[in-house]
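To start, the structure under review is shown below, and the notes come after it.
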Amino acid sequence: MKSPVFAGILLSTVAAAGCGSDTNTTVDGRPIRPDALVVDAAAPDAPGPTFGATISLLEASVLNPGQSGTAFGQGPSFSAVFNDVTALGAPVYEEIPGSTLGCKAWNLSAATTVASLVGVDEGPLAITTTGTAPALPPGCGYSAPTGYVCPDMTTANMGGTIGPGPQPGLATLTDPDNTFNSGNVLGRYVKITGAAMPSNNGAFPIVALGSANTIVYANPGFVAETLPGAAVHVNVAAVGPIPSVPDPGFLADDAGITIAHAASTHIPAFSATTSTKGVGDDFVLETAELNKLNAVPLDGSAFTITCTAANCPAGSAIANVLQITTTDSTTLPSPFSFPPPTTSSVRIQCGGLSGASAGGSITVPAEAMALLKNATGITRIRASFSRVDLMMGNQPATVSLLAGHTVLGFTNPVTLR
């Protein structure tokens, strides 16, 4: 059985959380969502399926395309994927065959891509935080077809009124039956379903608390309306970045996280927590490195992301992760639109322990990058660099729990070919 340290560190750290629709942009009413962390798909020790999971809480920063080194925003993102750890199949490239270190790459069908990101229902998760960290509502659970989400049911209600916000691109939701406060608003998204106007439906980042009965959220396409009585709205925690939120965001270096899971069909009960150090620390990449995440090359050349010793000091994280994924679906006008693939996707994931060393650098070899060069129909590429720490407890070896920080960018191949 693989060591729990690397069962899930060679992972995919920035991918679509929802299926059947584009769930990765705020402009069209769906969140920018860092990828579900996926357990490495090496062969199990025994025949037949071996179930595992990768569960994470990351502070995710998203870069503005075409604006050198600037961020759209950042925010907490929770992900949990339970599935057969062999679901991805054998990689088509392994830098170190048989090892969980180094880089691996896959050519995935659309169905396999979606299954690996959403996983299956293994019951609710109880998540508690200490220090400077977002409080997650109890009972984060599975919701088909999206996967695991963390709705705050104390904010769930029907009806309400949508109106203009204090500036263009912002809207308000007012519901006299709701009591909003900083604890159930800040760092969260509002999900609206059943609105009469289609552009009002979706998940939108909440940018401010307007009053005890009003929230302000980002939706440039909103249309003012009184919601039908059957329309439902609920605030959801740890979905992804919030516009214009700067460092340090919501998940500070002193944050502590505990995740508990009751026994389920495939996974025994477990509880795990971060070390006394807390989560993988916040980090800063040089502008040139940030720009690389928005310009992943398609010429088959090796690709490297480096964090300097000054910006990634010794002991600030246990692992560095670089991940690249593609889609071949039509993207929406938002520069962050990243729908699940229609036909296939390429996934490249590389990881290495940082341990006591300062700095961090990961290189995707040319042999793996050739998959992007040779792929047809790529419409957008997403790349992320993450620094994470581990939660340890009595979880099985196939379950990895990670906490830290990630930064991600988007590449449009049409501008590079």
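In the structure tokens, each chain is lettered A, B, ... as it comes, each chain's residues begin at 1, and ligands are numbered from 1 in order of appearance.
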Please provide as a list in words all residues within 8 Å of Thr327 of chain A, with the sequence filter that same-chain residues fewer than 2 positions apart are discarded (counting only C-alpha atoms).
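Contacts, in chain order: Thr325, Ser329, Phe338, Pro339, Pro340, Pro341, Thr342, Ser344, Ser345, Val346, Ile378, Thr379, Arg380 and Ile381 of chain A.
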Restrict the selected residues to C-alpha atoms and save them as an mmCIF file, in the first residue's frame.
```cif
data_model
loop_
_atom_site.group_PDB
_atom_site.id
_atom_site.type_symbol
_atom_site.label_atom_id
_atom_site.label_comp_id
_atom_site.auth_asym_id
_atom_site.auth_seq_id
_atom_site.Cartn_x
_atom_site.Cartn_y
_atom_site.Cartn_z
ATOM 1 C CA THR A 325 -5.127 20.388 -17.197
ATOM 2 C CA SER A 329 -15.130 22.394 -24.756
ATOM 3 C CA PHE A 338 -13.226 26.150 -17.857
ATOM 4 C CA PRO A 339 -15.993 23.650 -18.689
ATOM 5 C CA PRO A 340 -15.442 19.889 -18.471
ATOM 6 C CA PRO A 341 -14.067 18.434 -21.719
ATOM 7 C CA THR A 342 -16.377 17.337 -24.502
ATOM 8 C CA SER A 344 -10.822 14.420 -23.906
ATOM 9 C CA SER A 345 -8.362 16.213 -21.667
ATOM 10 C CA VAL A 346 -4.675 16.133 -20.832
ATOM 11 C CA ILE A 378 -7.584 22.361 -26.771
ATOM 12 C CA THR A 379 -9.605 25.482 -26.010
ATOM 13 C CA ARG A 380 -8.091 26.438 -22.646
ATOM 14 C CA ILE A 381 -5.344 25.318 -20.270
#
```
When DSSP is applied to the backbone of this structure, which of segment 79-261 of chain A are assigned strand (DSSP E or B)? Write them out as a VMD selection string.
chain A and resid 79 to 84 93 to 94 102 to 109 125 to 130 140 to 143 147 to 158 161 to 164 170 to 174 188 to 193 202 to 211 214 to 218 225 to 226 232 to 237 239 242 to 243 256 to 261
Residue neighbourhood Leu408 of chain A, 9 Å, only C-alpha atoms, exclusion window fewer than 6 positions, as a PyMOL selection string:
chain A and resi 14+34+60-63+290+293-294+382-386
Keeping only C-alpha atoms, write those residues as a PDB file, in the first residue's frame.
```
ATOM      1  CA  VAL A  14      -7.011  22.920 -10.035  1.00  0.00           C
ATOM      2  CA  PRO A  34      -9.632  25.034  -7.768  1.00  0.00           C
ATOM      3  CA  ALA A  60      -6.773  29.850  -3.948  1.00  0.00           C
ATOM      4  CA  SER A  61      -5.516  32.940  -5.778  1.00  0.00           C
ATOM      5  CA  VAL A  62      -6.536  33.400  -9.426  1.00  0.00           C
ATOM      6  CA  LEU A  63      -4.471  35.482 -11.839  1.00  0.00           C
ATOM      7  CA  LEU A 290       3.134  34.121 -12.264  1.00  0.00           C
ATOM      8  CA  LEU A 293       0.897  30.180 -15.364  1.00  0.00           C
ATOM      9  CA  ASN A 294      -1.033  32.299 -17.896  1.00  0.00           C
ATOM     10  CA  ARG A 382      -5.347  25.729 -16.525  1.00  0.00           C
ATOM     11  CA  ALA A 383      -2.140  25.590 -14.473  1.00  0.00           C
ATOM     12  CA  SER A 384      -1.552  25.802 -10.741  1.00  0.00           C
ATOM     13  CA  PHE A 385       1.372  25.871  -8.342  1.00  0.00           C
ATOM     14  CA  SER A 386       0.627  24.854  -4.757  1.00  0.00           C
TER      15      SER A 386
END
```
From the DSSP assignment of the backbone, select every residue of segment 19-265 of chain A that is alpha helix (DSSP H), and format the answer as a PDB file with N, CA and C atoms, in the first residue's frame.
```pdb
ATOM      1  N   ALA A 110     -13.547  12.250 -21.691  1.00  0.00           N
ATOM      2  CA  ALA A 110     -14.401  13.208 -20.985  1.00  0.00           C
ATOM      3  C   ALA A 110     -15.040  12.559 -19.763  1.00  0.00           C
ATOM      4  N   ALA A 111     -15.528  11.333 -19.915  1.00  0.00           N
ATOM      5  CA  ALA A 111     -16.202  10.647 -18.805  1.00  0.00           C
ATOM      6  C   ALA A 111     -15.238  10.386 -17.657  1.00  0.00           C
ATOM      7  N   THR A 112     -14.024   9.961 -17.978  1.00  0.00           N
ATOM      8  CA  THR A 112     -13.040   9.690 -16.934  1.00  0.00           C
ATOM      9  C   THR A 112     -12.633  10.972 -16.221  1.00  0.00           C
ATOM     10  N   THR A 113     -12.496  12.053 -16.972  1.00  0.00           N
ATOM     11  CA  THR A 113     -12.153  13.341 -16.367  1.00  0.00           C
ATOM     12  C   THR A 113     -13.196  13.735 -15.329  1.00  0.00           C
ATOM     13  N   VAL A 114     -14.445  13.673 -15.715  1.00  0.00           N
ATOM     14  CA  VAL A 114     -15.524  14.084 -14.814  1.00  0.00           C
ATOM     15  C   VAL A 114     -15.583  13.167 -13.592  1.00  0.00           C
ATOM     16  N   ALA A 115     -15.495  11.864 -13.810  1.00  0.00           N
ATOM     17  CA  ALA A 115     -15.580  10.918 -12.694  1.00  0.00           C
ATOM     18  C   ALA A 115     -14.443  11.139 -11.697  1.00  0.00           C
ATOM     19  N   SER A 116     -13.264  11.471 -12.201  1.00  0.00           N
ATOM     20  CA  SER A 116     -12.116  11.656 -11.316  1.00  0.00           C
ATOM     21  C   SER A 116     -12.205  12.938 -10.510  1.00  0.00           C
ATOM     22  N   LEU A 117     -12.999  13.882 -10.956  1.00  0.00           N
ATOM     23  CA  LEU A 117     -13.128  15.158 -10.264  1.00  0.00           C
ATOM     24  C   LEU A 117     -14.299  15.200  -9.301  1.00  0.00           C
ATOM     25  N   VAL A 118     -15.336  14.423  -9.585  1.00  0.00           N
ATOM     26  CA  VAL A 118     -16.545  14.454  -8.766  1.00  0.00           C
ATOM     27  C   VAL A 118     -16.557  13.332  -7.739  1.00  0.00           C
ATOM     28  N   SER A 182     -21.311  38.501   9.265  1.00  0.00           N
ATOM     29  CA  SER A 182     -19.990  38.249   8.695  1.00  0.00           C
ATOM     30  C   SER A 182     -19.638  36.773   8.703  1.00  0.00           C
ATOM     31  N   GLY A 183     -20.128  36.029   9.697  1.00  0.00           N
ATOM     32  CA  GLY A 183     -19.805  34.610   9.783  1.00  0.00           C
ATOM     33  C   GLY A 183     -20.408  33.774   8.680  1.00  0.00           C
ATOM     34  N   ASN A 184     -21.593  34.150   8.170  1.00  0.00           N
ATOM     35  CA  ASN A 184     -22.213  33.333   7.125  1.00  0.00           C
ATOM     36  C   ASN A 184     -22.158  33.988   5.745  1.00  0.00           C
ATOM     37  N   VAL A 185     -21.379  35.088   5.642  1.00  0.00           N
ATOM     38  CA  VAL A 185     -21.294  35.822   4.370  1.00  0.00           C
ATOM     39  C   VAL A 185     -19.861  35.910   3.836  1.00  0.00           C
TER      40      VAL A 185
END
```
Could you pull the residues within 10 Å of Ile348 of chain A, counting only C-alpha atoms, minus those fewer than 4 positions along the same chain, as a list in words?
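Close residues of Ile348 of chain A: Leu10, Leu11, Ser12, Pro91, Tyr93, Glu94, Cys103, Lys104, Ala105, Trp106, Asn107, Leu322, Gln323, Ile324, Thr325, Thr326, Val364, Ala368, Met369, Leu371, Leu372 and Ala383 of chain A.
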What's around segment 125-132 of chain A at 10 Å? Count only C-alpha atoms, leave out sequence neighbours fewer than 2 positions away in its own chain, and write the answer as a PyMOL selection string.
chain A and resi 55+57+80+122-123+134-142+148-150+249-262+271-274+278
File dump, residues just selected, N, CA and C atoms, as a JSON list (two decimals), in the first residue's frame:
```json
[["chain", "number", "residue", "atom", "x", "y", "z"],
["A", 55, "ILE", "N", -8.71, 15.01, 0.14],
["A", 55, "ILE", "CA", -9.56, 16.05, 0.72],
["A", 55, "ILE", "C", -8.66, 17.23, 1.04],
["A", 57, "LEU", "N", -8.31, 21.73, 1.88],
["A", 57, "LEU", "CA", -8.79, 23.10, 2.05],
["A", 57, "LEU", "C", -7.63, 24.00, 1.66],
["A", 80, "ALA", "N", -13.32, 17.52, -1.89],
["A", 80, "ALA", "CA", -13.24, 16.14, -1.40],
["A", 80, "ALA", "C", -13.66, 15.22, -2.54],
["A", 122, "GLU", "N", -19.59, 9.30, -0.13],
["A", 122, "GLU", "CA", -19.17, 8.47, 1.00],
["A", 122, "GLU", "C", -19.60, 9.09, 2.33],
["A", 123, "GLY", "N", -20.69, 9.84, 2.28],
["A", 123, "GLY", "CA", -21.23, 10.40, 3.50],
["A", 123, "GLY", "C", -20.62, 11.74, 3.86],
["A", 134, "PRO", "N", -11.36, 30.30, 7.75],
["A", 134, "PRO", "CA", -12.81, 30.39, 7.56],
["A", 134, "PRO", "C", -13.53, 29.27, 8.28],
["A", 135, "ALA", "N", -14.62, 29.60, 8.95],
["A", 135, "ALA", "CA", -15.43, 28.57, 9.60],
["A", 135, "ALA", "C", -16.32, 27.92, 8.55],
["A", 136, "LEU", "N", -16.23, 26.60, 8.44],
["A", 136, "LEU", "CA", -17.08, 25.89, 7.49],
["A", 136, "LEU", "C", -18.32, 25.39, 8.21],
["A", 137, "PRO", "N", -19.46, 25.41, 7.52],
["A", 137, "PRO", "CA", -20.69, 24.91, 8.16],
["A", 137, "PRO", "C", -20.57, 23.41, 8.40],
["A", 138, "PRO", "N", -21.34, 22.88, 9.35],
["A", 138, "PRO", "CA", -21.26, 21.45, 9.64],
["A", 138, "PRO", "C", -21.83, 20.62, 8.49],
["A", 139, "GLY", "N", -21.28, 19.43, 8.35],
["A", 139, "GLY", "CA", -21.87, 18.48, 7.41],
["A", 139, "GLY", "C", -21.66, 18.79, 5.95],
["A", 140, "CYS", "N", -20.42, 19.10, 5.55],
["A", 140, "CYS", "CA", -20.15, 19.20, 4.11],
["A", 140, "CYS", "C", -20.45, 17.84, 3.49],
["A", 141, "GLY", "N", -21.27, 17.84, 2.46],
["A", 141, "GLY", "CA", -21.73, 16.56, 1.92],
["A", 141, "GLY", "C", -21.78, 16.53, 0.41],
["A", 142, "TYR", "N", -22.13, 15.39, -0.11],
["A", 142, "TYR", "CA", -22.14, 15.13, -1.55],
["A", 142, "TYR", "C", -23.46, 15.61, -2.16],
["A", 148, "TYR", "N", -18.77, 17.11, -3.58],
["A", 148, "TYR", "CA", -18.87, 17.60, -2.20],
["A", 148, "TYR", "C", -18.92, 19.12, -2.16],
["A", 149, "VAL", "N", -19.88, 19.65, -1.38],
["A", 149, "VAL", "CA", -20.06, 21.08, -1.19],
["A", 149, "VAL", "C", -20.37, 21.35, 0.28],
["A", 150, "CYS", "N", -20.26, 22.62, 0.67],
["A", 150, "CYS", "CA", -20.46, 23.00, 2.08],
["A", 150, "CYS", "C", -21.51, 24.11, 2.18],
["A", 249, "GLY", "N", -5.82, 37.04, 2.48],
["A", 249, "GLY", "CA", -7.04, 36.29, 2.22],
["A", 249, "GLY", "C", -7.68, 35.78, 3.49],
["A", 250, "PHE", "N", -8.17, 34.55, 3.46],
["A", 250, "PHE", "CA", -8.98, 34.03, 4.56],
["A", 250, "PHE", "C", -8.26, 32.94, 5.37],
["A", 251, "LEU", "N", -7.30, 32.24, 4.76],
["A", 251, "LEU", "CA", -6.63, 31.11, 5.41],
["A", 251, "LEU", "C", -5.21, 31.53, 5.77],
["A", 252, "ALA", "N", -5.00, 31.88, 7.02],
["A", 252, "ALA", "CA", -3.69, 32.36, 7.45],
["A", 252, "ALA", "C", -2.76, 31.20, 7.78],
["A", 253, "ASP", "N", -1.47, 31.51, 7.92],
["A", 253, "ASP", "CA", -0.48, 30.47, 8.17],
["A", 253, "ASP", "C", -0.70, 29.76, 9.50],
["A", 254, "ASP", "N", -1.36, 30.44, 10.46],
["A", 254, "ASP", "CA", -1.57, 29.82, 11.77],
["A", 254, "ASP", "C", -2.83, 28.95, 11.81],
["A", 255, "ALA", "N", -3.52, 28.81, 10.70],
["A", 255, "ALA", "CA", -4.78, 28.07, 10.68],
["A", 255, "ALA", "C", -4.55, 26.60, 11.00],
["A", 256, "GLY", "N", -5.46, 26.05, 11.77],
["A", 256, "GLY", "CA", -5.48, 24.62, 12.04],
["A", 256, "GLY", "C", -6.76, 24.02, 11.52],
["A", 257, "ILE", "N", -6.70, 22.82, 10.99],
["A", 257, "ILE", "CA", -7.87, 22.18, 10.37],
["A", 257, "ILE", "C", -7.98, 20.74, 10.85],
["A", 258, "THR", "N", -9.18, 20.32, 11.19],
["A", 258, "THR", "CA", -9.47, 18.93, 11.52],
["A", 258, "THR", "C", -10.62, 18.45, 10.65],
["A", 259, "ILE", "N", -10.46, 17.28, 10.05],
["A", 259, "ILE", "CA", -11.50, 16.69, 9.21],
["A", 259, "ILE", "C", -11.83, 15.30, 9.74],
["A", 260, "ALA", "N", -13.11, 15.06, 9.99],
["A", 260, "ALA", "CA", -13.55, 13.77, 10.51],
["A", 260, "ALA", "C", -14.58, 13.16, 9.56],
["A", 261, "HIS", "N", -14.53, 11.85, 9.44],
["A", 261, "HIS", "CA", -15.42, 11.11, 8.53],
["A", 261, "HIS", "C", -15.93, 9.86, 9.24],
["A", 262, "ALA", "N", -17.24, 9.66, 9.20],
["A", 262, "ALA", "CA", -17.82, 8.44, 9.75],
["A", 262, "ALA", "C", -17.64, 7.30, 8.76],
["A", 271, "SER", "N", -10.23, 10.46, 11.55],
["A", 271, "SER", "CA", -10.12, 11.87, 11.91],
["A", 271, "SER", "C", -8.66, 12.27, 11.76],
["A", 272, "ALA", "N", -8.42, 13.42, 11.16],
["A", 272, "ALA", "CA", -7.05, 13.89, 10.93],
["A", 272, "ALA", "C", -6.99, 15.39, 11.13],
["A", 273, "THR", "N", -5.84, 15.88, 11.54],
["A", 273, "THR", "CA", -5.68, 17.30, 11.79],
["A", 273, "THR", "C", -4.31, 17.77, 11.33],
["A", 274, "THR", "N", -4.18, 19.07, 11.12],
["A", 274, "THR", "CA", -2.89, 19.64, 10.75],
["A", 274, "THR", "C", -1.95, 19.60, 11.96],
["A", 278, "GLY", "N", 0.49, 24.26, 11.45],
["A", 278, "GLY", "CA", -0.67, 24.74, 10.70],
["A", 278, "GLY", "C", -0.61, 24.33, 9.25]]
```
Residues near Pro65 of chain A, anyone? I mean within 10 Å using only C-alpha atoms, not counting same-chain ones fewer than 6 positions away, as a PDB file with C-alpha atoms, in the first residue's frame.
```
ATOM      1  CA  ALA A  71      -4.716  38.688  -9.175  1.00  0.00           C
ATOM      2  CA  PHE A  72      -8.453  38.632  -9.822  1.00  0.00           C
ATOM      3  CA  ASN A 291       3.028  35.062 -15.936  1.00  0.00           C
ATOM      4  CA  LEU A 293       0.897  30.180 -15.364  1.00  0.00           C
ATOM      5  CA  ASN A 294      -1.033  32.299 -17.896  1.00  0.00           C
ATOM      6  CA  ALA A 295       1.169  31.223 -20.816  1.00  0.00           C
ATOM      7  CA  PRO A 335     -11.381  34.453 -19.109  1.00  0.00           C
ATOM      8  CA  PHE A 336     -11.832  31.929 -16.295  1.00  0.00           C
ATOM      9  CA  GLY A 409      -3.723  30.850 -14.219  1.00  0.00           C
ATOM     10  CA  PHE A 410      -5.440  30.239 -17.555  1.00  0.00           C
ATOM     11  CA  THR A 411      -3.894  29.965 -21.013  1.00  0.00           C
ATOM     12  CA  ASN A 412      -5.732  30.476 -24.293  1.00  0.00           C
TER      13      ASN A 412
END
```
Contacts of segment 197-199 of chain A at 10 Å or less, counting only C-alpha atoms, minus same-chain residues fewer than 6 places along, as a ChimeraX atom specification?
/A:28-29,219-227
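Of note, atom CA of Pro166 of chain A and atom CA of Ala195 of chain A are spaced 21.4 Å apart.
With atom CA of Ala218 of chain A on one side and atom CA of Ala237 of chain A on the other, the separation reads 15.7 Å.
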As a check of understanding: the span from atom CA of Leu170 of chain A to atom CA of Gln74 of chain A is 17.3 Å
Which of these, A:Gly404, A:Pro168, A:Gly163, A:Pro205, has the shortest distance to Lys277 of chain A once you count only C-alpha atoms?
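Comparing A:Gly404, A:Pro168, A:Gly163, A:Pro205 against Lys277 of chain A, the winner is A:Gly404.
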